[in-house]
>>> print(open('start15.pdb').read())   # PDB, C-alpha atoms, pLDDT in the B column
ATOM      1  CA  MET U   1      14.092   5.474  20.139  1.00 84.00           C
ATOM      2  CA  GLU U   2      15.305   8.998  19.493  1.00 87.00           C
ATOM      3  CA  VAL U   3      12.354  11.284  18.734  1.00 90.00           C
ATOM      4  CA  SER U   4      12.186  14.720  17.099  1.00 91.00           C
ATOM      5  CA  VAL U   5       8.927  16.675  17.421  1.00 93.00           C
ATOM      6  CA  ALA U   6       7.351  19.308  15.178  1.00 93.00           C
ATOM      7  CA  GLY U   7       4.437  21.438  16.350  1.00 89.00           C
ATOM      8  CA  ASP U   8       2.931  22.034  12.906  1.00 93.00           C
ATOM      9  CA  GLY U   9       2.809  20.429   9.474  1.00 92.00           C
ATOM     10  CA  GLN U  10       5.145  22.800   7.637  1.00 93.00           C
ATOM     11  CA  THR U  11       7.866  22.426  10.264  1.00 93.00           C
ATOM     12  CA  GLY U  12       7.437  18.654  10.193  1.00 92.00           C
ATOM     13  CA  LEU U  13       7.773  18.559   6.418  1.00 93.00           C
ATOM     14  CA  GLU U  14      10.956  20.644   6.522  1.00 91.00           C
ATOM     15  CA  MET U  15      12.434  18.366   9.188  1.00 91.00           C
ATOM     16  CA  ALA U  16      11.542  15.215   7.237  1.00 91.00           C
ATOM     17  CA  MET U  17      13.113  16.613   4.066  1.00 88.00           C
ATOM     18  CA  LYS U  18      16.271  17.743   5.850  1.00 86.00           C
ATOM     19  CA  HIS U  19      16.992  14.712   8.047  1.00 86.00           C
ATOM     20  CA  ASP U  20      17.270  10.987   7.300  1.00 83.00           C
ATOM     21  CA  PHE U  21      14.565   9.673   9.647  1.00 89.00           C
ATOM     22  CA  GLU U  22      13.719   5.968   9.830  1.00 90.00           C
ATOM     23  CA  LEU U  23      10.021   6.766  10.359  1.00 93.00           C
ATOM     24  CA  VAL U  24       7.630   9.729  10.332  1.00 95.00           C
ATOM     25  CA  ILE U  25       4.498   9.722  12.517  1.00 94.00           C
ATOM     26  CA  LEU U  26       1.869  12.204  11.336  1.00 92.00           C
ATOM     27  CA  ASP U  27      -1.250  13.342  13.120  1.00 89.00           C
ATOM     28  CA  ILE U  28      -3.788  14.273  10.446  1.00 86.00           C
ATOM     29  CA  MET U  29      -5.121  17.296  12.350  1.00 86.00           C
ATOM     30  CA  LEU U  30      -2.012  19.484  12.363  1.00 88.00           C
ATOM     31  CA  PRO U  31      -1.930  23.314  12.441  1.00 90.00           C
ATOM     32  CA  GLY U  32      -1.472  24.913   9.041  1.00 88.00           C
ATOM     33  CA  MET U  33      -0.467  22.020   6.784  1.00 91.00           C
ATOM     34  CA  ASN U  34      -2.359  18.847   7.778  1.00 90.00           C
ATOM     35  CA  GLY U  35      -0.893  15.361   7.886  1.00 90.00           C
ATOM     36  CA  ILE U  36      -2.385  14.329   4.531  1.00 89.00           C
ATOM     37  CA  GLN U  37      -0.781  17.341   2.835  1.00 92.00           C
ATOM     38  CA  VAL U  38       2.571  16.664   4.512  1.00 92.00           C
ATOM     39  CA  CYS U  39       2.539  13.029   3.394  1.00 91.00           C
ATOM     40  CA  ARG U  40       1.645  13.948  -0.184  1.00 90.00           C
ATOM     41  CA  ALA U  41       4.427  16.535  -0.266  1.00 92.00           C
ATOM     42  CA  LEU U  42       6.946  13.951   0.931  1.00 90.00           C
ATOM     43  CA  ARG U  43       5.916  11.458  -1.738  1.00 87.00           C
ATOM     44  CA  LYS U  44       5.879  14.124  -4.450  1.00 85.00           C
ATOM     45  CA  ALA U  45       9.499  14.859  -3.515  1.00 84.00           C
ATOM     46  CA  ASP U  46      10.307  11.113  -3.859  1.00 81.00           C
ATOM     47  CA  ASN U  47      10.917  10.842  -0.128  1.00 85.00           C
ATOM     48  CA  ASN U  48      10.069   7.204   0.704  1.00 84.00           C
ATOM     49  CA  VAL U  49      10.454   7.382   4.488  1.00 88.00           C
ATOM     50  CA  PRO U  50       7.837   5.106   6.131  1.00 90.00           C
ATOM     51  CA  VAL U  51       4.844   7.151   7.310  1.00 92.00           C
ATOM     52  CA  LEU U  52       2.421   6.197  10.084  1.00 91.00           C
ATOM     53  CA  MET U  53      -0.808   8.217  10.267  1.00 88.00           C
ATOM     54  CA  LEU U  54      -2.534   8.890  13.579  1.00 86.00           C
ATOM     55  CA  THR U  55      -6.142  10.075  13.580  1.00 80.00           C
ATOM     56  CA  ALA U  56      -9.465   9.960  15.357  1.00 78.00           C
ATOM     57  CA  LEU U  57     -11.151   9.342  11.980  1.00 70.00           C
ATOM     58  CA  SER U  58     -11.351   5.577  11.475  1.00 65.00           C
ATOM     59  CA  SER U  59     -13.954   4.968   8.746  1.00 67.00           C
ATOM     60  CA  THR U  60     -12.977   3.025   5.640  1.00 71.00           C
ATOM     61  CA  GLU U  61     -13.098   6.244   3.604  1.00 73.00           C
ATOM     62  CA  ASN U  62     -10.701   8.022   5.969  1.00 70.00           C
ATOM     63  CA  ILE U  63      -8.361   5.040   6.041  1.00 74.00           C
ATOM     64  CA  ILE U  64      -8.280   5.019   2.237  1.00 79.00           C
ATOM     65  CA  THR U  65      -7.650   8.784   2.095  1.00 77.00           C
ATOM     66  CA  GLY U  66      -4.697   8.422   4.450  1.00 74.00           C
ATOM     67  CA  LEU U  67      -3.199   5.475   2.588  1.00 81.00           C
ATOM     68  CA  ASP U  68      -3.782   7.069  -0.814  1.00 81.00           C
ATOM     69  CA  SER U  69      -1.762  10.074   0.314  1.00 84.00           C
ATOM     70  CA  GLY U  70       1.219   7.724   0.518  1.00 86.00           C
ATOM     71  CA  ALA U  71       1.073   6.606   4.160  1.00 87.00           C
ATOM     72  CA  ASP U  72       2.304   3.100   4.985  1.00 88.00           C
ATOM     73  CA  ASP U  73       0.153   2.489   8.040  1.00 86.00           C
ATOM     74  CA  TYR U  74      -2.857   3.997   9.805  1.00 85.00           C
ATOM     75  CA  LEU U  75      -3.582   3.934  13.538  1.00 86.00           C
ATOM     76  CA  ALA U  76      -6.900   5.217  14.888  1.00 83.00           C
ATOM     77  CA  LYS U  77      -7.274   6.964  18.238  1.00 84.00           C
ATOM     78  CA  PRO U  78      -7.568   5.973  20.989  1.00 85.00           C
ATOM     79  CA  PHE U  79      -4.773   3.404  20.836  1.00 86.00           C
ATOM     80  CA  LYS U  80      -2.551   1.597  23.304  1.00 88.00           C
ATOM     81  CA  PHE U  81       1.043   2.787  23.395  1.00 89.00           C
ATOM     82  CA  ALA U  82       2.297  -0.799  23.089  1.00 91.00           C
ATOM     83  CA  GLU U  83       0.450  -1.082  19.762  1.00 89.00           C
ATOM     84  CA  LEU U  84       2.048   2.141  18.517  1.00 90.00           C
ATOM     85  CA  GLU U  85       5.473   0.752  19.413  1.00 91.00           C
ATOM     86  CA  ALA U  86       4.682  -2.504  17.584  1.00 90.00           C
ATOM     87  CA  ARG U  87       3.608  -0.614  14.464  1.00 88.00           C
ATOM     88  CA  ILE U  88       6.821   1.445  14.580  1.00 90.00           C
ATOM     89  CA  ARG U  89       8.992  -1.674  14.824  1.00 89.00           C
ATOM     90  CA  SER U  90       7.081  -3.337  12.003  1.00 86.00           C
ATOM     91  CA  LEU U  91       7.374  -0.373   9.625  1.00 87.00           C
ATOM     92  CA  VAL U  92      11.068   0.144  10.293  1.00 86.00           C
ATOM     93  CA  ARG U  93      11.744  -3.582   9.882  1.00 83.00           C
ATOM     94  CA  ARG U  94       9.780  -3.720   6.632  1.00 77.00           C
ATOM     95  CA  SER U  95      11.564  -0.687   5.181  1.00 72.00           C
ATOM     96  CA  LYS U  96      14.913  -2.417   5.717  1.00 68.00           C
ATOM     97  CA  HIS U  97      13.874  -5.545   3.834  1.00 58.00           C
ATOM     98  CA  THR U  98      12.254  -4.228   0.673  1.00 54.00           C
ATOM     99  CA  ALA U  99      15.062  -4.806  -1.832  1.00 48.00           C
ATOM    100  CA  PRO U 100      13.550  -6.753  -4.738  1.00 45.00           C
ATOM    101  CA  SER U 101      15.108 -10.006  -5.870  1.00 48.00           C
ATOM    102  CA  ARG U 102      14.512  -9.123  -9.526  1.00 51.00           C
ATOM    103  CA  ASN U 103      14.367  -5.749 -11.201  1.00 76.00           C
ATOM    104  CA  ILE U 104      11.948  -6.359 -14.074  1.00 83.00           C
ATOM    105  CA  VAL U 105       8.872  -8.602 -14.077  1.00 86.00           C
ATOM    106  CA  ASN U 106       6.773  -9.117 -17.215  1.00 88.00           C
ATOM    107  CA  ILE U 107       3.408 -10.878 -16.965  1.00 89.00           C
ATOM    108  CA  GLU U 108       0.981 -10.913 -19.892  1.00 89.00           C
ATOM    109  CA  GLY U 109       2.182  -7.518 -21.104  1.00 90.00           C
ATOM    110  CA  LEU U 110       2.306  -6.050 -17.591  1.00 93.00           C
ATOM    111  CA  GLU U 111       5.884  -4.884 -17.075  1.00 92.00           C
ATOM    112  CA  VAL U 112       6.862  -3.900 -13.541  1.00 91.00           C
ATOM    113  CA  ASP U 113      10.212  -2.399 -12.585  1.00 88.00           C
ATOM    114  CA  LEU U 114      10.576  -3.418  -8.947  1.00 81.00           C
ATOM    115  CA  GLN U 115      13.510  -1.066  -8.442  1.00 77.00           C
ATOM    116  CA  SER U 116      11.975   2.158  -9.736  1.00 80.00           C
ATOM    117  CA  LYS U 117       8.431   0.991  -8.874  1.00 84.00           C
ATOM    118  CA  THR U 118       7.103   1.936 -12.300  1.00 89.00           C
ATOM    119  CA  LEU U 119       4.871  -0.143 -14.537  1.00 93.00           C
ATOM    120  CA  SER U 120       3.128  -0.326 -17.865  1.00 93.00           C
ATOM    121  CA  ARG U 121       0.890  -2.733 -19.744  1.00 92.00           C
ATOM    122  CA  ASP U 122       1.207  -3.204 -23.480  1.00 90.00           C
ATOM    123  CA  GLY U 123       3.306  -0.055 -23.532  1.00 87.00           C
ATOM    124  CA  ASN U 124       0.758   2.069 -21.650  1.00 91.00           C
ATOM    125  CA  ASN U 125       2.218   3.684 -18.520  1.00 92.00           C
ATOM    126  CA  ILE U 126       0.215   3.050 -15.336  1.00 94.00           C
ATOM    127  CA  ILE U 127       0.348   5.260 -12.242  1.00 92.00           C
ATOM    128  CA  LEU U 128      -0.368   3.602  -8.894  1.00 91.00           C
ATOM    129  CA  THR U 129      -0.651   5.012  -5.391  1.00 88.00           C
ATOM    130  CA  ALA U 130       1.830   3.671  -2.820  1.00 85.00           C
ATOM    131  CA  THR U 131      -0.786   1.308  -1.392  1.00 87.00           C
ATOM    132  CA  GLU U 132      -1.894   0.049  -4.809  1.00 91.00           C
ATOM    133  CA  TYR U 133       1.729  -0.675  -5.669  1.00 91.00           C
ATOM    134  CA  ARG U 134       2.320  -2.657  -2.462  1.00 90.00           C
ATOM    135  CA  LEU U 135      -0.790  -4.688  -3.236  1.00 93.00           C
ATOM    136  CA  LEU U 136       0.405  -5.408  -6.779  1.00 94.00           C
ATOM    137  CA  GLU U 137       3.894  -6.321  -5.555  1.00 91.00           C
ATOM    138  CA  TYR U 138       2.401  -8.772  -3.051  1.00 91.00           C
ATOM    139  CA  PHE U 139       0.357 -10.373  -5.819  1.00 94.00           C
ATOM    140  CA  ILE U 140       3.419 -10.624  -8.080  1.00 91.00           C
ATOM    141  CA  LYS U 141       5.411 -12.344  -5.344  1.00 88.00           C
ATOM    142  CA  ASN U 142       2.536 -14.794  -4.804  1.00 90.00           C
ATOM    143  CA  GLN U 143       1.433 -15.636  -8.346  1.00 89.00           C
ATOM    144  CA  ASN U 144      -0.960 -18.595  -8.673  1.00 89.00           C
ATOM    145  CA  VAL U 145      -1.623 -18.591  -4.922  1.00 92.00           C
ATOM    146  CA  VAL U 146      -5.105 -17.953  -3.503  1.00 93.00           C
ATOM    147  CA  LEU U 147      -4.753 -15.144  -0.960  1.00 93.00           C
ATOM    148  CA  SER U 148      -7.385 -14.487   1.686  1.00 91.00           C
ATOM    149  CA  ARG U 149      -8.421 -10.974   2.680  1.00 88.00           C
ATOM    150  CA  ILE U 150      -6.775 -11.472   6.081  1.00 87.00           C
ATOM    151  CA  GLN U 151      -3.461 -12.447   4.435  1.00 88.00           C
ATOM    152  CA  ILE U 152      -3.613  -9.378   2.221  1.00 89.00           C
ATOM    153  CA  LEU U 153      -4.359  -7.093   5.190  1.00 85.00           C
ATOM    154  CA  GLU U 154      -1.498  -8.523   7.226  1.00 82.00           C
ATOM    155  CA  GLN U 155       1.079  -8.505   4.445  1.00 84.00           C
ATOM    156  CA  VAL U 156       0.210  -5.368   2.474  1.00 85.00           C
ATOM    157  CA  TRP U 157      -0.764  -3.123   5.380  1.00 76.00           C
ATOM    158  CA  ASP U 158       1.056  -5.004   8.155  1.00 66.00           C
ATOM    159  CA  ILE U 159      -1.879  -4.283  10.438  1.00 61.00           C
ATOM    160  CA  ASP U 160      -5.176  -5.801  11.474  1.00 58.00           C
ATOM    161  CA  PHE U 161      -8.027  -3.628  10.236  1.00 54.00           C
ATOM    162  CA  ASN U 162     -11.504  -4.110  11.607  1.00 54.00           C
ATOM    163  CA  MET U 163     -12.821  -6.917   9.416  1.00 53.00           C
ATOM    164  CA  GLY U 164     -16.071  -4.997   9.127  1.00 55.00           C
ATOM    165  CA  THR U 165     -14.346  -2.653   6.682  1.00 65.00           C
ATOM    166  CA  ASN U 166     -14.032  -3.441   2.981  1.00 82.00           C
ATOM    167  CA  VAL U 167     -10.682  -1.748   2.391  1.00 85.00           C
ATOM    168  CA  VAL U 168      -9.187  -4.818   0.658  1.00 89.00           C
ATOM    169  CA  ASP U 169     -12.062  -5.079  -1.808  1.00 90.00           C
ATOM    170  CA  VAL U 170     -11.895  -1.345  -2.469  1.00 91.00           C
ATOM    171  CA  TYR U 171      -8.203  -1.513  -3.334  1.00 93.00           C
ATOM    172  CA  ILE U 172      -8.617  -4.673  -5.415  1.00 94.00           C
ATOM    173  CA  ASN U 173     -11.196  -2.748  -7.443  1.00 94.00           C
ATOM    174  CA  TYR U 174      -8.826   0.227  -7.808  1.00 94.00           C
ATOM    175  CA  LEU U 175      -6.019  -2.040  -9.009  1.00 95.00           C
ATOM    176  CA  ARG U 176      -8.229  -3.945 -11.438  1.00 95.00           C
ATOM    177  CA  LYS U 177      -9.334  -0.727 -13.103  1.00 94.00           C
ATOM    178  CA  LYS U 178      -5.723   0.243 -13.695  1.00 94.00           C
ATOM    179  CA  ILE U 179      -4.077  -3.019 -14.771  1.00 95.00           C
ATOM    180  CA  ASP U 180      -6.951  -5.212 -16.062  1.00 93.00           C
ATOM    181  CA  GLN U 181      -9.736  -2.992 -17.397  1.00 91.00           C
ATOM    182  CA  GLY U 182      -9.695  -2.891 -21.182  1.00 89.00           C
ATOM    183  CA  TYR U 183      -7.268  -5.802 -21.551  1.00 89.00           C
ATOM    184  CA  ARG U 184      -8.291  -9.184 -22.956  1.00 86.00           C
ATOM    185  CA  HIS U 185      -6.595 -11.353 -20.343  1.00 88.00           C
ATOM    186  CA  LYS U 186      -7.274 -10.473 -16.710  1.00 92.00           C
ATOM    187  CA  LEU U 187      -4.663 -10.975 -13.998  1.00 95.00           C
ATOM    188  CA  ILE U 188      -6.631 -10.495 -10.768  1.00 95.00           C
ATOM    189  CA  HIS U 189      -9.363 -13.062 -10.182  1.00 95.00           C
ATOM    190  CA  THR U 190     -11.894 -13.582  -7.401  1.00 94.00           C
ATOM    191  CA  VAL U 191     -12.087 -17.011  -5.796  1.00 93.00           C
ATOM    192  CA  PHE U 192     -15.484 -16.899  -4.127  1.00 92.00           C
ATOM    193  CA  GLY U 193     -15.463 -17.626  -0.417  1.00 88.00           C
ATOM    194  CA  MET U 194     -11.653 -17.718  -0.331  1.00 91.00           C
ATOM    195  CA  GLY U 195     -10.122 -14.478  -1.601  1.00 92.00           C
ATOM    196  CA  TYR U 196      -8.145 -13.491  -4.690  1.00 95.00           C
ATOM    197  CA  ILE U 197      -5.557 -14.988  -7.023  1.00 94.00           C
ATOM    198  CA  PHE U 198      -3.106 -13.292  -9.393  1.00 94.00           C
ATOM    199  CA  LYS U 199      -2.415 -15.361 -12.487  1.00 91.00           C
ATOM    200  CA  VAL U 200      -2.574 -15.520 -16.252  1.00 85.00           C
ATOM    201  CA  ASP U 201      -5.802 -17.345 -17.029  1.00 72.00           C
ATOM    202  CA  HIS U 202      -6.515 -17.689 -20.745  1.00 60.00           C
ATOM    203  CA  LYS U 203      -9.319 -20.170 -20.113  1.00 58.00           C
ATOM    204  CA  ASN U 204     -11.317 -17.912 -17.783  1.00 48.00           C
ATOM    205  CA  GLU U 205     -11.587 -20.730 -15.271  1.00 42.00           C
ATOM    206  CA  VAL U 206     -11.686 -18.391 -12.284  1.00 42.00           C
ATOM    207  CA  SER U 207     -14.615 -15.985 -11.962  1.00 41.00           C
ATOM    208  CA  LYS U 208     -13.979 -12.286 -12.497  1.00 44.00           C
TER     209      LYS U 208
END
>>> encode(input="start15.pdb", output="structure tokens")
Amino acid sequence: MEVSVAGDGQTGLEMAMKHDFELVILDIMLPGMNGIQVCRALRKADNNVPVLMLTALSSTENIITGLDSGADDYLAKPFKFAELEARIRSLVRRSKHTAPSRNIVNIEGLEVDLQSKTLSRDGNNIILTATEYRLLEYFIKNQNVVLSRIQILEQVWDIDFNMGTNVVDVYINYLRKKIDQGYRHKLIHTVFGMGYIFKVDHKNEVSK
């Protein structure tokens, strides 16, 4: 791996905008501009380079803050170097295999453009964070399949979070509020004791 290093957030942002990196690793506690601010600035500029956050803050709330800023993965300190290398390989591999098989998907009024990553429901535009979008895309690719929380963690985040956290449930709730709340037919359903399923269910056979 060829590595370029920046000593502060502003320098790192300028480097990431200027060069075509395969991956950016951000420490949250950076001088001047912190890692969260750098990541948000990259995403605001439509720079979709994979971002891995490093931090000593590992609570569910801090994980969510990092991912909501547009990061693709989150690694808490202390960590083993072999794990960091594995995360790097995984993120780079995933970024090279994200071309969608179809451009437009329409499900019960929910229209998703998999190329531009934009969506609307019944004509109402919906804005998702990067993590919320990955979760929705995973559901779309696995319609009518019951997905466990572990499957969602592994496929959406590509990492194994401490199962004591409720990050999956938190993001399911975020997504429901944006694509289901206020609409007659719900798309995300809870299957108690098993996980979640994404499907059109006019009969309300699945709870919530």
>>> resolve_selection(input="start15.pdb", expression="the PyMOL selection byres ((chain U and resi 163-178) around 9)", output="list in words")
Ser59, Thr60, Glu61, Ile63, Ile64, Ile126, Ile127, Leu128, Thr131, Glu132, Tyr133, Leu135, Leu136, Arg149, Ile150, Ile152, Leu153, Asp160, Phe161, Asn162, Ile179, Asp180, Gln181, Gly182, Lys186, Leu187, Ile188 and Tyr196 of chain U
>>> resolve_selection(input="start15.pdb", expression="the PyMOL selection byres ((chain U and resi 113-119) around 10)", output="mmCIF file with C-alpha atoms, in the frame of the given file")
data_model
loop_
_atom_site.group_PDB
_atom_site.id
_atom_site.type_symbol
_atom_site.label_atom_id
_atom_site.label_comp_id
_atom_site.auth_asym_id
_atom_site.auth_seq_id
_atom_site.Cartn_x
_atom_site.Cartn_y
_atom_site.Cartn_z
ATOM 1 C CA THR U 98 12.254 -4.228 0.673
ATOM 2 C CA ALA U 99 15.062 -4.806 -1.832
ATOM 3 C CA PRO U 100 13.550 -6.753 -4.738
ATOM 4 C CA SER U 101 15.108 -10.006 -5.870
ATOM 5 C CA ARG U 102 14.512 -9.123 -9.526
ATOM 6 C CA ASN U 103 14.367 -5.749 -11.201
ATOM 7 C CA ILE U 104 11.948 -6.359 -14.074
ATOM 8 C CA VAL U 105 8.872 -8.602 -14.077
ATOM 9 C CA ASN U 106 6.773 -9.117 -17.215
ATOM 10 C CA LEU U 110 2.306 -6.050 -17.591
ATOM 11 C CA GLU U 111 5.884 -4.884 -17.075
ATOM 12 C CA VAL U 112 6.862 -3.900 -13.541
ATOM 13 C CA SER U 120 3.128 -0.326 -17.865
ATOM 14 C CA ARG U 121 0.890 -2.733 -19.744
ATOM 15 C CA GLY U 123 3.306 -0.055 -23.532
ATOM 16 C CA ASN U 124 0.758 2.069 -21.650
ATOM 17 C CA ASN U 125 2.218 3.684 -18.520
ATOM 18 C CA ILE U 126 0.215 3.050 -15.336
ATOM 19 C CA ILE U 127 0.348 5.260 -12.242
ATOM 20 C CA LEU U 128 -0.368 3.602 -8.894
ATOM 21 C CA ALA U 130 1.830 3.671 -2.820
ATOM 22 C CA TYR U 133 1.729 -0.675 -5.669
ATOM 23 C CA ARG U 134 2.320 -2.657 -2.462
ATOM 24 C CA GLU U 137 3.894 -6.321 -5.555
ATOM 25 C CA ILE U 179 -4.077 -3.019 -14.771
#
>>> closest_residue(input="start15.pdb", among="U:Val191, U:Val24, U:Lys77, U:Asn62", to="U:Val5", atoms="only C-alpha atoms")
U:Val24
>>> atom_distance(input="start15.pdb", atom1="atom CA of U:Glu85", atom2="atom CA of U:Leu52")
11.2 Å
>>> closest_residue(input="start15.pdb", among="U:His185, U:Phe198, U:Thr129, U:Asn34", to="U:Leu147", atoms="all atoms listed in the file")
U:Phe198
>>> closest_residue(input="start15.pdb", among="U:Met1, U:Val49, U:Ala56, U:Ile36", to="U:Lys18", atoms="only C-alpha atoms")
U:Val49
>>> atom_distance(input="start15.pdb", atom1="atom CA of U:Ala16", atom2="atom CA of U:Leu75")
19.9 Å
>>> axis_aligned_box(input="start15.pdb", around="stretch 176-186 of chain U", padding_each_side="4 Å", output="lines of an AutoDock Vina configuration file")
center_x = -6.9
center_y = -5.6
center_z = -17.2
size_x = 13.7
size_y = 19.6
size_z = 19.5
>>> atom_distance(input="start15.pdb", atom1="atom CA of U:Leu42", atom2="atom CA of U:Leu13")
7.2 Å
>>> resolve_selection(input="start15.pdb", expression="the PyMOL selection byres ((chain U and resi 41) around 12)", output="PyMOL selection string")
chain U and resi 9-10+12-14+16-17+33-40+42-49+69-71
>>> write_last_selection(input="start15.pdb", atoms="C-alpha atoms", output="compact mmCIF listing (two decimals), in the coordinates of the input")
# COMPACT_ATOMS: atom_id res chain seq x y z
CA GLY U 9 2.81 20.43 9.47
CA GLN U 10 5.14 22.80 7.64
CA GLY U 12 7.44 18.65 10.19
CA LEU U 13 7.77 18.56 6.42
CA GLU U 14 10.96 20.64 6.52
CA ALA U 16 11.54 15.22 7.24
CA MET U 17 13.11 16.61 4.07
CA MET U 33 -0.47 22.02 6.78
CA ASN U 34 -2.36 18.85 7.78
CA GLY U 35 -0.89 15.36 7.89
CA ILE U 36 -2.38 14.33 4.53
CA GLN U 37 -0.78 17.34 2.84
CA VAL U 38 2.57 16.66 4.51
CA CYS U 39 2.54 13.03 3.39
CA ARG U 40 1.64 13.95 -0.18
CA LEU U 42 6.95 13.95 0.93
CA ARG U 43 5.92 11.46 -1.74
CA LYS U 44 5.88 14.12 -4.45
CA ALA U 45 9.50 14.86 -3.52
CA ASP U 46 10.31 11.11 -3.86
CA ASN U 47 10.92 10.84 -0.13
CA ASN U 48 10.07 7.20 0.70
CA VAL U 49 10.45 7.38 4.49
CA SER U 69 -1.76 10.07 0.31
CA GLY U 70 1.22 7.72 0.52
CA ALA U 71 1.07 6.61 4.16
>>> closest_residue(input="start15.pdb", among="U:Ala76, U:Val92, U:Val156, U:Val145", to="U:Phe21", atoms="all atoms listed in the file")
U:Val92
>>> closest_residue(input="start15.pdb", among="U:Asp68, U:Tyr74, U:Arg184, U:Ile197", to="U:Val146", atoms="all atoms listed in the file")
U:Ile197
>>> build_atoms(input="start15.pdb", residues="stretch 68-74 of chain U", atoms="all heavy atoms", output="short mmCIF file (atom, residue, chain, number, x, y, z; two decimals), in the coordinates of the input")
data_model
loop_
_atom_site.label_atom_id
_atom_site.label_comp_id
_atom_site.auth_asym_id
_atom_site.auth_seq_id
_atom_site.Cartn_x
_atom_site.Cartn_y
_atom_site.Cartn_z
N ASP U 68 -3.95 6.54 0.55
CA ASP U 68 -3.78 7.07 -0.81
C ASP U 68 -2.83 8.27 -0.84
O ASP U 68 -2.25 8.57 -1.89
CB ASP U 68 -5.13 7.49 -1.41
CG ASP U 68 -5.85 6.32 -2.09
OD1 ASP U 68 -5.21 5.26 -2.25
OD2 ASP U 68 -7.01 6.47 -2.47
N SER U 69 -2.68 8.94 0.27
CA SER U 69 -1.76 10.07 0.31
C SER U 69 -0.32 9.60 0.33
O SER U 69 0.60 10.41 0.16
CB SER U 69 -2.04 10.94 1.55
OG SER U 69 -1.62 10.27 2.73
N GLY U 70 -0.13 8.28 0.51
CA GLY U 70 1.22 7.72 0.52
C GLY U 70 1.64 7.15 1.85
O GLY U 70 2.77 6.68 2.01
N ALA U 71 0.74 7.16 2.86
CA ALA U 71 1.07 6.61 4.16
C ALA U 71 1.23 5.09 4.08
O ALA U 71 0.61 4.43 3.25
CB ALA U 71 -0.01 6.96 5.18
N ASP U 72 2.06 4.54 4.96
CA ASP U 72 2.30 3.10 4.99
C ASP U 72 1.44 2.38 6.01
O ASP U 72 1.23 1.17 5.90
CB ASP U 72 3.78 2.84 5.30
CG ASP U 72 4.70 3.41 4.24
OD1 ASP U 72 4.91 2.74 3.22
OD2 ASP U 72 5.18 4.54 4.42
N ASP U 73 0.97 3.10 6.99
CA ASP U 73 0.15 2.49 8.04
C ASP U 73 -0.76 3.56 8.61
O ASP U 73 -0.54 4.76 8.42
CB ASP U 73 1.05 1.90 9.13
CG ASP U 73 0.36 0.86 9.98
OD1 ASP U 73 -0.87 0.72 9.87
OD2 ASP U 73 1.05 0.18 10.75
N TYR U 74 -1.79 3.11 9.35
CA TYR U 74 -2.86 4.00 9.80
C TYR U 74 -3.32 3.51 11.17
O TYR U 74 -3.74 2.36 11.30
CB TYR U 74 -4.00 3.92 8.79
CG TYR U 74 -5.09 4.96 8.92
CD1 TYR U 74 -5.18 5.99 8.00
CD2 TYR U 74 -6.05 4.88 9.90
CE1 TYR U 74 -6.20 6.93 8.06
CE2 TYR U 74 -7.07 5.81 10.00
CZ TYR U 74 -7.14 6.83 9.08
OH TYR U 74 -8.15 7.76 9.15
#
